[in-house]
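Note: the block below is run-v7.pdb and it holds PDB, C-alpha atoms, pLDDT in the B column.
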```pdb
ATOM      1  CA  GLY A   1       1.567 230.160  28.172  1.00 68.00           C
ATOM      2  CA  ALA A   2       2.760 232.316  25.351  1.00 82.00           C
ATOM      3  CA  VAL A   3       0.574 232.420  22.292  1.00 89.00           C
ATOM      4  CA  VAL A   4       1.446 233.867  18.928  1.00 93.00           C
ATOM      5  CA  SER A   5      -1.293 234.108  16.336  1.00 93.00           C
ATOM      6  CA  GLN A   6      -0.696 234.563  12.636  1.00 95.00           C
ATOM      7  CA  HIS A   7      -3.263 235.554  10.033  1.00 95.00           C
ATOM      8  CA  PRO A   8      -4.216 234.602   7.390  1.00 96.00           C
ATOM      9  CA  SER A   9      -3.211 230.952   7.437  1.00 95.00           C
ATOM     10  CA  ARG A  10      -3.638 230.659   3.680  1.00 96.00           C
ATOM     11  CA  VAL A  11      -3.779 233.279   0.979  1.00 96.00           C
ATOM     12  CA  ILE A  12      -3.889 233.087  -2.786  1.00 97.00           C
ATOM     13  CA  CYS A  13      -3.226 236.194  -4.818  1.00 95.00           C
ATOM     14  CA  LYS A  14      -2.556 237.248  -8.370  1.00 96.00           C
ATOM     15  CA  SER A  15       0.895 238.162  -9.552  1.00 97.00           C
ATOM     16  CA  GLY A  16       1.634 241.853  -9.027  1.00 96.00           C
ATOM     17  CA  THR A  17      -0.625 242.328  -6.027  1.00 97.00           C
ATOM     18  CA  SER A  18       0.432 242.875  -2.413  1.00 97.00           C
ATOM     19  CA  VAL A  19      -0.370 240.659   0.539  1.00 97.00           C
ATOM     20  CA  LYS A  20      -0.216 241.498   4.230  1.00 97.00           C
ATOM     21  CA  ILE A  21       0.383 238.902   6.944  1.00 97.00           C
ATOM     22  CA  GLU A  22      -0.225 239.760  10.597  1.00 96.00           C
ATOM     23  CA  CYS A  23       1.539 238.325  13.610  1.00 95.00           C
ATOM     24  CA  ARG A  24       0.186 238.984  17.089  1.00 94.00           C
ATOM     25  CA  SER A  25       1.448 238.024  20.529  1.00 92.00           C
ATOM     26  CA  LEU A  26      -1.785 237.393  22.406  1.00 93.00           C
ATOM     27  CA  ASP A  27      -0.714 237.160  26.022  1.00 90.00           C
ATOM     28  CA  PHE A  28       2.672 238.827  26.248  1.00 90.00           C
ATOM     29  CA  GLN A  29       4.516 241.832  24.911  1.00 89.00           C
ATOM     30  CA  ALA A  30       7.065 241.051  22.241  1.00 87.00           C
ATOM     31  CA  THR A  31       9.745 243.674  21.856  1.00 81.00           C
ATOM     32  CA  THR A  32      11.235 241.620  19.067  1.00 88.00           C
ATOM     33  CA  MET A  33       9.621 239.399  16.474  1.00 92.00           C
ATOM     34  CA  PHE A  34      11.277 237.326  13.796  1.00 94.00           C
ATOM     35  CA  TRP A  35      10.039 236.458  10.335  1.00 96.00           C
ATOM     36  CA  TYR A  36      11.072 233.185   8.725  1.00 95.00           C
ATOM     37  CA  ARG A  37      10.429 231.594   5.379  1.00 95.00           C
ATOM     38  CA  GLN A  38      10.113 227.833   5.310  1.00 90.00           C
ATOM     39  CA  PHE A  39      11.161 226.095   2.141  1.00 81.00           C
ATOM     40  CA  PRO A  40       9.721 222.847   0.775  1.00 76.00           C
ATOM     41  CA  LYS A  41      12.540 220.751   2.221  1.00 69.00           C
ATOM     42  CA  GLN A  42      11.711 222.099   5.665  1.00 67.00           C
ATOM     43  CA  SER A  43      14.555 224.491   6.445  1.00 79.00           C
ATOM     44  CA  LEU A  44      13.655 227.828   8.020  1.00 90.00           C
ATOM     45  CA  MET A  45      15.393 230.878   6.658  1.00 92.00           C
ATOM     46  CA  LEU A  46      15.452 233.985   8.819  1.00 93.00           C
ATOM     47  CA  MET A  47      14.243 236.918   6.761  1.00 95.00           C
ATOM     48  CA  ALA A  48      14.285 239.761   9.232  1.00 94.00           C
ATOM     49  CA  THR A  49      14.205 240.808  12.833  1.00 92.00           C
ATOM     50  CA  SER A  50      11.388 243.175  13.688  1.00 89.00           C
ATOM     51  CA  ASN A  51      11.791 245.603  16.576  1.00 85.00           C
ATOM     52  CA  GLU A  52       8.906 247.579  17.992  1.00 82.00           C
ATOM     53  CA  GLY A  53       9.101 251.210  17.025  1.00 81.00           C
ATOM     54  CA  SER A  54      12.132 250.924  14.784  1.00 83.00           C
ATOM     55  CA  LYS A  55      13.100 249.689  11.353  1.00 87.00           C
ATOM     56  CA  ALA A  56      13.422 245.972  10.793  1.00 91.00           C
ATOM     57  CA  THR A  57      16.831 244.396  10.323  1.00 92.00           C
ATOM     58  CA  TYR A  58      16.933 242.308   7.175  1.00 95.00           C
ATOM     59  CA  GLU A  59      19.155 239.330   6.506  1.00 93.00           C
ATOM     60  CA  GLN A  60      21.531 239.382   3.601  1.00 93.00           C
ATOM     61  CA  GLY A  61      19.779 238.657   0.332  1.00 93.00           C
ATOM     62  CA  VAL A  62      16.300 239.605   1.538  1.00 95.00           C
ATOM     63  CA  GLU A  63      14.823 242.537  -0.378  1.00 94.00           C
ATOM     64  CA  LYS A  64      13.560 245.089   2.111  1.00 93.00           C
ATOM     65  CA  ASP A  65      11.442 246.827  -0.522  1.00 94.00           C
ATOM     66  CA  LYS A  66       9.670 243.594  -1.404  1.00 96.00           C
ATOM     67  CA  PHE A  67       9.156 242.327   2.119  1.00 96.00           C
ATOM     68  CA  LEU A  68       7.957 245.291   4.167  1.00 95.00           C
ATOM     69  CA  ILE A  69       7.929 244.714   7.886  1.00 94.00           C
ATOM     70  CA  ASN A  70       6.202 246.957  10.379  1.00 90.00           C
ATOM     71  CA  HIS A  71       6.209 246.482  14.135  1.00 88.00           C
ATOM     72  CA  ALA A  72       3.930 249.244  15.319  1.00 82.00           C
ATOM     73  CA  SER A  73       3.143 247.901  18.778  1.00 88.00           C
ATOM     74  CA  LEU A  74       4.455 245.431  21.307  1.00 88.00           C
ATOM     75  CA  THR A  75       1.896 242.853  20.192  1.00 91.00           C
ATOM     76  CA  LEU A  76       1.704 243.251  16.425  1.00 92.00           C
ATOM     77  CA  SER A  77       4.126 242.867  13.553  1.00 93.00           C
ATOM     78  CA  THR A  78       3.125 242.740   9.903  1.00 95.00           C
ATOM     79  CA  LEU A  79       4.850 241.415   6.806  1.00 96.00           C
ATOM     80  CA  THR A  80       3.707 242.801   3.471  1.00 97.00           C
ATOM     81  CA  VAL A  81       4.822 241.036   0.335  1.00 97.00           C
ATOM     82  CA  THR A  82       4.696 243.743  -2.319  1.00 96.00           C
ATOM     83  CA  SER A  83       4.196 243.105  -6.027  1.00 96.00           C
ATOM     84  CA  ALA A  84       4.140 239.391  -5.378  1.00 96.00           C
ATOM     85  CA  HIS A  85       5.411 236.954  -7.976  1.00 96.00           C
ATOM     86  CA  PRO A  86       5.108 233.167  -8.175  1.00 95.00           C
ATOM     87  CA  GLU A  87       8.612 232.729  -6.744  1.00 94.00           C
ATOM     88  CA  ASP A  88       7.390 234.415  -3.555  1.00 95.00           C
ATOM     89  CA  SER A  89       5.044 231.500  -2.977  1.00 95.00           C
ATOM     90  CA  SER A  90       6.118 229.944   0.291  1.00 94.00           C
ATOM     91  CA  PHE A  91       5.283 229.322   3.921  1.00 94.00           C
ATOM     92  CA  TYR A  92       5.970 232.366   6.084  1.00 96.00           C
ATOM     93  CA  ILE A  93       6.316 231.989   9.828  1.00 96.00           C
ATOM     94  CA  CYS A  94       6.548 234.624  12.533  1.00 96.00           C
ATOM     95  CA  SER A  95       7.932 234.132  15.999  1.00 94.00           C
ATOM     96  CA  ALA A  96       8.479 236.153  19.136  1.00 92.00           C
ATOM     97  CA  SER A  97      10.459 235.881  22.314  1.00 86.00           C
ATOM     98  CA  LYS A  98       9.758 237.100  25.788  1.00 83.00           C
ATOM     99  CA  GLY A  99      12.397 239.452  27.067  1.00 76.00           C
ATOM    100  CA  LEU A 100      15.900 239.904  25.742  1.00 72.00           C
ATOM    101  CA  ALA A 101      17.776 236.855  27.013  1.00 76.00           C
ATOM    102  CA  THR A 102      19.280 234.628  24.340  1.00 80.00           C
ATOM    103  CA  THR A 103      18.526 231.654  26.577  1.00 82.00           C
ATOM    104  CA  GLY A 104      14.844 232.148  25.905  1.00 84.00           C
ATOM    105  CA  GLU A 105      12.899 230.115  23.379  1.00 88.00           C
ATOM    106  CA  LEU A 106      10.844 231.406  20.493  1.00 91.00           C
ATOM    107  CA  PHE A 107       7.065 231.176  20.326  1.00 93.00           C
ATOM    108  CA  PHE A 108       5.732 230.596  16.843  1.00 93.00           C
ATOM    109  CA  GLY A 109       2.675 231.510  14.890  1.00 93.00           C
ATOM    110  CA  GLU A 110       0.873 228.863  12.891  1.00 92.00           C
ATOM    111  CA  GLY A 111       2.383 230.068   9.648  1.00 94.00           C
ATOM    112  CA  SER A 112       0.893 231.548   6.484  1.00 96.00           C
ATOM    113  CA  ARG A 113       0.982 229.771   3.177  1.00 95.00           C
ATOM    114  CA  LEU A 114       1.172 232.214   0.288  1.00 96.00           C
ATOM    115  CA  THR A 115       0.394 231.095  -3.235  1.00 96.00           C
ATOM    116  CA  VAL A 116       0.964 233.588  -6.024  1.00 96.00           C
ATOM    117  CA  LEU A 117      -0.706 232.744  -9.291  1.00 96.00           C
TER     118      LEU A 117
ATOM    119  CA  GLY B   1      28.736 232.609  10.850  1.00 83.00           C
ATOM    120  CA  ASP B   2      26.739 230.275  13.042  1.00 88.00           C
ATOM    121  CA  SER B   3      25.329 227.090  11.588  1.00 91.00           C
ATOM    122  CA  VAL B   4      23.456 223.965  12.629  1.00 95.00           C
ATOM    123  CA  THR B   5      23.743 220.628  10.880  1.00 96.00           C
ATOM    124  CA  GLN B   6      21.341 217.804  11.547  1.00 95.00           C
ATOM    125  CA  MET B   7      20.895 214.412  10.003  1.00 89.00           C
ATOM    126  CA  GLU B   8      18.818 214.193   6.903  1.00 85.00           C
ATOM    127  CA  GLY B   9      15.552 212.386   6.985  1.00 87.00           C
ATOM    128  CA  PRO B  10      13.145 211.028   6.703  1.00 94.00           C
ATOM    129  CA  VAL B  11      13.654 208.652   9.567  1.00 96.00           C
ATOM    130  CA  THR B  12      11.184 205.772   9.728  1.00 97.00           C
ATOM    131  CA  LEU B  13      10.885 203.711  12.894  1.00 97.00           C
ATOM    132  CA  SER B  14       8.523 201.183  14.353  1.00 97.00           C
ATOM    133  CA  GLU B  15       6.694 202.001  17.549  1.00 97.00           C
ATOM    134  CA  GLU B  16       8.815 201.474  20.689  1.00 97.00           C
ATOM    135  CA  ALA B  17      12.083 201.756  18.767  1.00 98.00           C
ATOM    136  CA  PHE B  18      14.986 203.891  19.998  1.00 98.00           C
ATOM    137  CA  LEU B  19      15.411 207.271  18.348  1.00 97.00           C
ATOM    138  CA  THR B  20      18.539 209.327  17.787  1.00 97.00           C
ATOM    139  CA  ILE B  21      18.623 212.450  15.654  1.00 97.00           C
ATOM    140  CA  ASN B  22      22.102 213.891  15.382  1.00 97.00           C
ATOM    141  CA  CYS B  23      22.759 217.615  15.587  1.00 97.00           C
ATOM    142  CA  THR B  24      26.062 219.475  15.516  1.00 97.00           C
ATOM    143  CA  TYR B  25      26.665 223.191  15.539  1.00 96.00           C
ATOM    144  CA  THR B  26      29.234 225.833  14.729  1.00 94.00           C
ATOM    145  CA  ALA B  27      29.234 229.002  16.778  1.00 92.00           C
ATOM    146  CA  THR B  28      31.479 231.231  18.824  1.00 86.00           C
ATOM    147  CA  GLY B  29      30.736 232.130  22.376  1.00 84.00           C
ATOM    148  CA  TYR B  30      28.236 230.243  24.488  1.00 86.00           C
ATOM    149  CA  PRO B  31      25.022 229.711  22.573  1.00 93.00           C
ATOM    150  CA  SER B  32      21.862 228.164  23.938  1.00 95.00           C
ATOM    151  CA  LEU B  33      20.686 225.052  22.121  1.00 96.00           C
ATOM    152  CA  PHE B  34      17.117 224.031  21.343  1.00 97.00           C
ATOM    153  CA  TRP B  35      15.049 221.302  19.812  1.00 98.00           C
ATOM    154  CA  TYR B  36      11.755 222.413  18.257  1.00 97.00           C
ATOM    155  CA  VAL B  37       9.069 220.107  16.925  1.00 96.00           C
ATOM    156  CA  GLN B  38       6.502 220.710  14.210  1.00 93.00           C
ATOM    157  CA  TYR B  39       3.560 218.319  14.282  1.00 93.00           C
ATOM    158  CA  PRO B  40       1.494 217.945  11.096  1.00 89.00           C
ATOM    159  CA  GLY B  41      -0.612 221.025  10.501  1.00 85.00           C
ATOM    160  CA  GLU B  42       0.746 222.896  13.508  1.00 87.00           C
ATOM    161  CA  GLY B  43       3.296 225.608  14.217  1.00 88.00           C
ATOM    162  CA  LEU B  44       6.725 224.947  15.671  1.00 92.00           C
ATOM    163  CA  GLN B  45       6.929 224.538  19.410  1.00 94.00           C
ATOM    164  CA  LEU B  46       9.751 224.097  21.847  1.00 95.00           C
ATOM    165  CA  LEU B  47      10.537 220.501  22.744  1.00 97.00           C
ATOM    166  CA  LEU B  48      13.531 221.054  25.025  1.00 97.00           C
ATOM    167  CA  LYS B  49      16.541 223.272  25.519  1.00 96.00           C
ATOM    168  CA  ALA B  50      19.906 223.538  27.240  1.00 96.00           C
ATOM    169  CA  THR B  51      21.635 226.802  27.972  1.00 94.00           C
ATOM    170  CA  LYS B  52      25.145 225.771  28.976  1.00 92.00           C
ATOM    171  CA  ALA B  53      27.660 223.001  28.486  1.00 93.00           C
ATOM    172  CA  ASP B  54      26.796 219.608  30.025  1.00 95.00           C
ATOM    173  CA  ASP B  55      23.193 220.643  30.644  1.00 96.00           C
ATOM    174  CA  LYS B  56      20.601 218.054  29.716  1.00 97.00           C
ATOM    175  CA  GLY B  57      17.237 219.150  28.384  1.00 97.00           C
ATOM    176  CA  SER B  58      14.321 216.754  28.640  1.00 97.00           C
ATOM    177  CA  ASN B  59      10.619 216.689  27.871  1.00 97.00           C
ATOM    178  CA  LYS B  60       8.003 214.086  26.887  1.00 96.00           C
ATOM    179  CA  GLY B  61      10.614 211.312  27.111  1.00 97.00           C
ATOM    180  CA  PHE B  62      13.037 213.117  24.796  1.00 98.00           C
ATOM    181  CA  GLU B  63      16.515 214.093  25.987  1.00 98.00           C
ATOM    182  CA  ALA B  64      19.487 215.991  24.609  1.00 98.00           C
ATOM    183  CA  THR B  65      22.797 216.898  26.267  1.00 98.00           C
ATOM    184  CA  TYR B  66      24.791 220.013  25.398  1.00 97.00           C
ATOM    185  CA  ARG B  67      28.272 218.719  24.533  1.00 96.00           C
ATOM    186  CA  LYS B  68      30.663 221.581  23.976  1.00 94.00           C
ATOM    187  CA  GLU B  69      33.672 219.341  23.340  1.00 94.00           C
ATOM    188  CA  THR B  70      31.955 217.720  20.367  1.00 96.00           C
ATOM    189  CA  THR B  71      29.700 220.730  19.552  1.00 96.00           C
ATOM    190  CA  SER B  72      26.718 218.420  19.553  1.00 97.00           C
ATOM    191  CA  PHE B  73      23.164 218.308  20.864  1.00 98.00           C
ATOM    192  CA  HIS B  74      21.786 214.943  19.763  1.00 98.00           C
ATOM    193  CA  LEU B  75      18.116 214.194  20.394  1.00 98.00           C
ATOM    194  CA  GLU B  76      17.199 210.794  21.866  1.00 98.00           C
ATOM    195  CA  LYS B  77      14.112 208.932  22.965  1.00 98.00           C
ATOM    196  CA  GLY B  78      14.066 205.427  24.289  1.00 97.00           C
ATOM    197  CA  SER B  79      10.707 204.321  22.924  1.00 96.00           C
ATOM    198  CA  VAL B  80       8.940 206.300  20.211  1.00 98.00           C
ATOM    199  CA  GLN B  81       5.199 206.406  19.674  1.00 97.00           C
ATOM    200  CA  VAL B  82       3.126 207.000  16.569  1.00 97.00           C
ATOM    201  CA  SER B  83       2.221 210.400  18.011  1.00 96.00           C
ATOM    202  CA  ASP B  84       5.909 211.412  17.850  1.00 97.00           C
ATOM    203  CA  SER B  85       5.699 211.566  14.055  1.00 97.00           C
ATOM    204  CA  ALA B  86       6.705 215.133  13.239  1.00 96.00           C
ATOM    205  CA  VAL B  87       9.547 217.281  11.935  1.00 94.00           C
ATOM    206  CA  TYR B  88      12.290 218.009  14.464  1.00 96.00           C
ATOM    207  CA  PHE B  89      14.502 221.087  14.253  1.00 96.00           C
ATOM    208  CA  CYS B  90      17.758 221.645  16.090  1.00 97.00           C
ATOM    209  CA  ALA B  91      18.524 225.323  16.701  1.00 96.00           C
ATOM    210  CA  LEU B  92      20.949 227.655  18.444  1.00 94.00           C
ATOM    211  CA  ARG B  93      20.704 231.169  19.772  1.00 92.00           C
ATOM    212  CA  GLY B  94      23.224 233.531  21.284  1.00 87.00           C
ATOM    213  CA  GLY B  95      26.324 232.672  19.306  1.00 79.00           C
ATOM    214  CA  THR B  96      27.857 234.961  16.733  1.00 79.00           C
ATOM    215  CA  GLY B  97      24.368 235.907  15.583  1.00 74.00           C
ATOM    216  CA  GLY B  98      23.455 237.185  19.017  1.00 79.00           C
ATOM    217  CA  PHE B  99      19.712 237.456  19.354  1.00 82.00           C
ATOM    218  CA  LYS B 100      18.915 235.427  16.237  1.00 87.00           C
ATOM    219  CA  THR B 101      17.893 231.786  16.252  1.00 91.00           C
ATOM    220  CA  ILE B 102      19.558 229.646  13.623  1.00 91.00           C
ATOM    221  CA  PHE B 103      17.835 226.419  12.596  1.00 93.00           C
ATOM    222  CA  GLY B 104      19.011 223.164  11.152  1.00 94.00           C
ATOM    223  CA  ALA B 105      17.278 221.803   8.068  1.00 92.00           C
ATOM    224  CA  GLY B 106      14.847 219.667  10.057  1.00 94.00           C
ATOM    225  CA  THR B 107      14.434 215.897  10.251  1.00 95.00           C
ATOM    226  CA  ARG B 108      11.123 214.291   9.474  1.00 94.00           C
ATOM    227  CA  LEU B 109      10.262 211.305  11.666  1.00 97.00           C
ATOM    228  CA  PHE B 110       7.665 208.693  10.743  1.00 97.00           C
ATOM    229  CA  VAL B 111       6.694 206.176  13.405  1.00 98.00           C
ATOM    230  CA  LYS B 112       4.781 203.100  12.255  1.00 97.00           C
ATOM    231  CA  ALA B 113       2.375 201.188  14.472  1.00 95.00           C
TER     232      ALA B 113
END
```

Is it possible to give me this structure as structure tokens?
Amino acid sequence: GAVVSQHPSRVICKSGTSVKIECRSLDFQATTMFWYRQFPKQSLMLMATSNEGSKATYEQGVEKDKFLINHASLTLSTLTVTSAHPEDSSFYICSASKGLATTGELFFGEGSRLTVL
Amino acid sequence: GDSVTQMEGPVTLSEEAFLTINCTYTATGYPSLFWYVQYPGEGLQLLLKATKADDKGSNKGFEATYRKETTSFHLEKGSVQVSDSAVYFCALRGGTGGFKTIFGAGTRLFVKA
């Protein structure tokens, strides 16, 4: 199988603080990982594509200085929400694919629910 | 850009009823098409996929056929079970967006005993 683990699953923080979410591929190497934000009515919005050893590619409208993404190894990508505000409260989901073929499916982490007070 | 449109939910069915969840897409090139499912409290997982026109993906009694002429990938199951209650997402990859996966809004299914 292909397992992606995300941590923490839930986090509550105060406004103005920073929060880091980790995404690990446990049994395969993920050259590319993707970070999504899931809104209350279920849709997943792609935030950024994270490539090992290089800068992340952000989607239009996503603030790269607020959502810092680091992909330091083939099994770990992190998303740091900096100076969090209540509007950043959401469900963040990471995913990874094996290889480079666009026919391949994504493997998802369990998601992280962020609540900013 | 690429987009995926799927029917709004929630969809409520009785056990053993027939299920159809419509999905249409807009993309250039030859994208691969996917259905993902999110069970309560769990992460998304692949349900089935099709990588070229006229391919049929199937898994756990669910089926979907890649129809290029109608740009559709409708999900069907002949007899749903309570355990099928979940949110279903249609998605595409490999169109204009290349490596990215684009998701539909998701359709929540409730199956009553």

Using all atoms listed in the file, I'd like every residue of chain B that has an atom within 8 Å of chain A; please write them out as a JSON list (two decimals) with C-alpha atoms, keeping the file's coordinate frame.
```json
[["chain", "number", "residue", "atom", "x", "y", "z"],
["B", 31, "PRO", "CA", 25.02, 229.71, 22.57],
["B", 32, "SER", "CA", 21.86, 228.16, 23.94],
["B", 34, "PHE", "CA", 17.12, 224.03, 21.34],
["B", 42, "GLU", "CA", 0.75, 222.90, 13.51],
["B", 43, "GLY", "CA", 3.30, 225.61, 14.22],
["B", 44, "LEU", "CA", 6.72, 224.95, 15.67],
["B", 45, "GLN", "CA", 6.93, 224.54, 19.41],
["B", 46, "LEU", "CA", 9.75, 224.10, 21.85],
["B", 51, "THR", "CA", 21.64, 226.80, 27.97],
["B", 93, "ARG", "CA", 20.70, 231.17, 19.77],
["B", 94, "GLY", "CA", 23.22, 233.53, 21.28],
["B", 98, "GLY", "CA", 23.46, 237.18, 19.02],
["B", 99, "PHE", "CA", 19.71, 237.46, 19.35],
["B", 100, "LYS", "CA", 18.92, 235.43, 16.24],
["B", 102, "ILE", "CA", 19.56, 229.65, 13.62],
["B", 103, "PHE", "CA", 17.84, 226.42, 12.60],
["B", 104, "GLY", "CA", 19.01, 223.16, 11.15],
["B", 105, "ALA", "CA", 17.28, 221.80, 8.07],
["B", 106, "GLY", "CA", 14.85, 219.67, 10.06]]
```

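If all atoms listed in the file are the atoms counted, then among B:Val80, B:Leu33, B:Leu92, B:Leu47 the closest residue to Tyr66 in chain B is B:Leu33.
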
TODO: Please indicate the distance in Å from CA of Lys77 in chain B to CA of Leu19 in chain B, rounded to one decimal place.
DONE: 5.1 Å

Task: For Arg108 in chain B: contacts at 12 Å, all atoms listed in the file, fewer than 6 positions along chain excluded, given as number ranges by chain - done: A: 41-43; B: 6-13, 21, 36-40, 84-90

Around range 4-13 of chain B, fit a box with edges along x, y and z, padding it by 5 Å on each side, then list its centre and edge lengths in Å to one decimal as AutoDock Vina command-line options.
```
--center_x 17.3 --center_y 213.8 --center_z 9.8 --size_x 22.9 --size_y 30.3 --size_z 16.2
```

TODO: Would you mind listing what lies within 6 Å of Ala64 in chain B as a ChimeraX atom specification, with all atoms listed in the file counted and same-chain residues fewer than 4 positions away left out?
DONE: /B:56-57,73-75

TODO: Specify as number ranges by chain each residue included when the PyMOL selection byres ((chain A and resi 68) around 12) is applied to this file.
DONE: A: 18-22, 35, 47-50, 55-58, 62-67, 69-71, 77-84

Any chance you could turn range 34-46 of chain B into a file with N, CA and C atoms, as an mmCIF file, in the first residue's frame?
```
data_model
loop_
_atom_site.group_PDB
_atom_site.id
_atom_site.type_symbol
_atom_site.label_atom_id
_atom_site.label_comp_id
_atom_site.auth_asym_id
_atom_site.auth_seq_id
_atom_site.Cartn_x
_atom_site.Cartn_y
_atom_site.Cartn_z
ATOM 1 N N PHE B 34 -10.920 10.305 -12.012
ATOM 2 C CA PHE B 34 -10.908 9.560 -10.753
ATOM 3 C C PHE B 34 -12.199 9.811 -9.970
ATOM 4 N N TRP B 35 -12.564 8.830 -9.184
ATOM 5 C CA TRP B 35 -13.523 9.018 -8.119
ATOM 6 C C TRP B 35 -12.817 8.680 -6.811
ATOM 7 N N TYR B 36 -12.864 9.649 -5.876
ATOM 8 C CA TYR B 36 -12.346 9.446 -4.523
ATOM 9 C C TYR B 36 -13.517 9.431 -3.552
ATOM 10 N N VAL B 37 -13.331 8.730 -2.449
ATOM 11 C CA VAL B 37 -14.384 8.652 -1.438
ATOM 12 C C VAL B 37 -13.794 9.031 -0.080
ATOM 13 N N GLN B 38 -14.604 9.742 0.682
ATOM 14 C CA GLN B 38 -14.192 10.152 2.032
ATOM 15 C C GLN B 38 -15.236 9.645 3.016
ATOM 16 N N TYR B 39 -14.906 8.582 3.726
ATOM 17 C CA TYR B 39 -15.810 8.045 4.737
ATOM 18 C C TYR B 39 -15.730 8.919 5.989
ATOM 19 N N PRO B 40 -16.759 8.921 6.803
ATOM 20 C CA PRO B 40 -16.771 9.772 8.001
ATOM 21 C C PRO B 40 -15.530 9.560 8.852
ATOM 22 N N GLY B 41 -14.858 10.661 9.163
ATOM 23 C CA GLY B 41 -13.695 10.594 10.033
ATOM 24 C C GLY B 41 -12.428 10.073 9.398
ATOM 25 N N GLU B 42 -12.440 9.851 8.091
ATOM 26 C CA GLU B 42 -11.264 9.298 7.427
ATOM 27 C C GLU B 42 -10.765 10.222 6.326
ATOM 28 N N GLY B 43 -9.561 9.963 5.842
ATOM 29 C CA GLY B 43 -9.021 10.714 4.720
ATOM 30 C C GLY B 43 -9.584 10.217 3.402
ATOM 31 N N LEU B 44 -9.388 11.002 2.359
ATOM 32 C CA LEU B 44 -9.840 10.591 1.029
ATOM 33 C C LEU B 44 -9.058 9.372 0.567
ATOM 34 N N GLN B 45 -9.734 8.531 -0.182
ATOM 35 C CA GLN B 45 -9.063 7.374 -0.772
ATOM 36 C C GLN B 45 -9.636 7.139 -2.164
ATOM 37 N N LEU B 46 -8.814 6.543 -3.003
ATOM 38 C CA LEU B 46 -9.245 6.269 -4.356
ATOM 39 C C LEU B 46 -10.335 5.210 -4.363
#
```
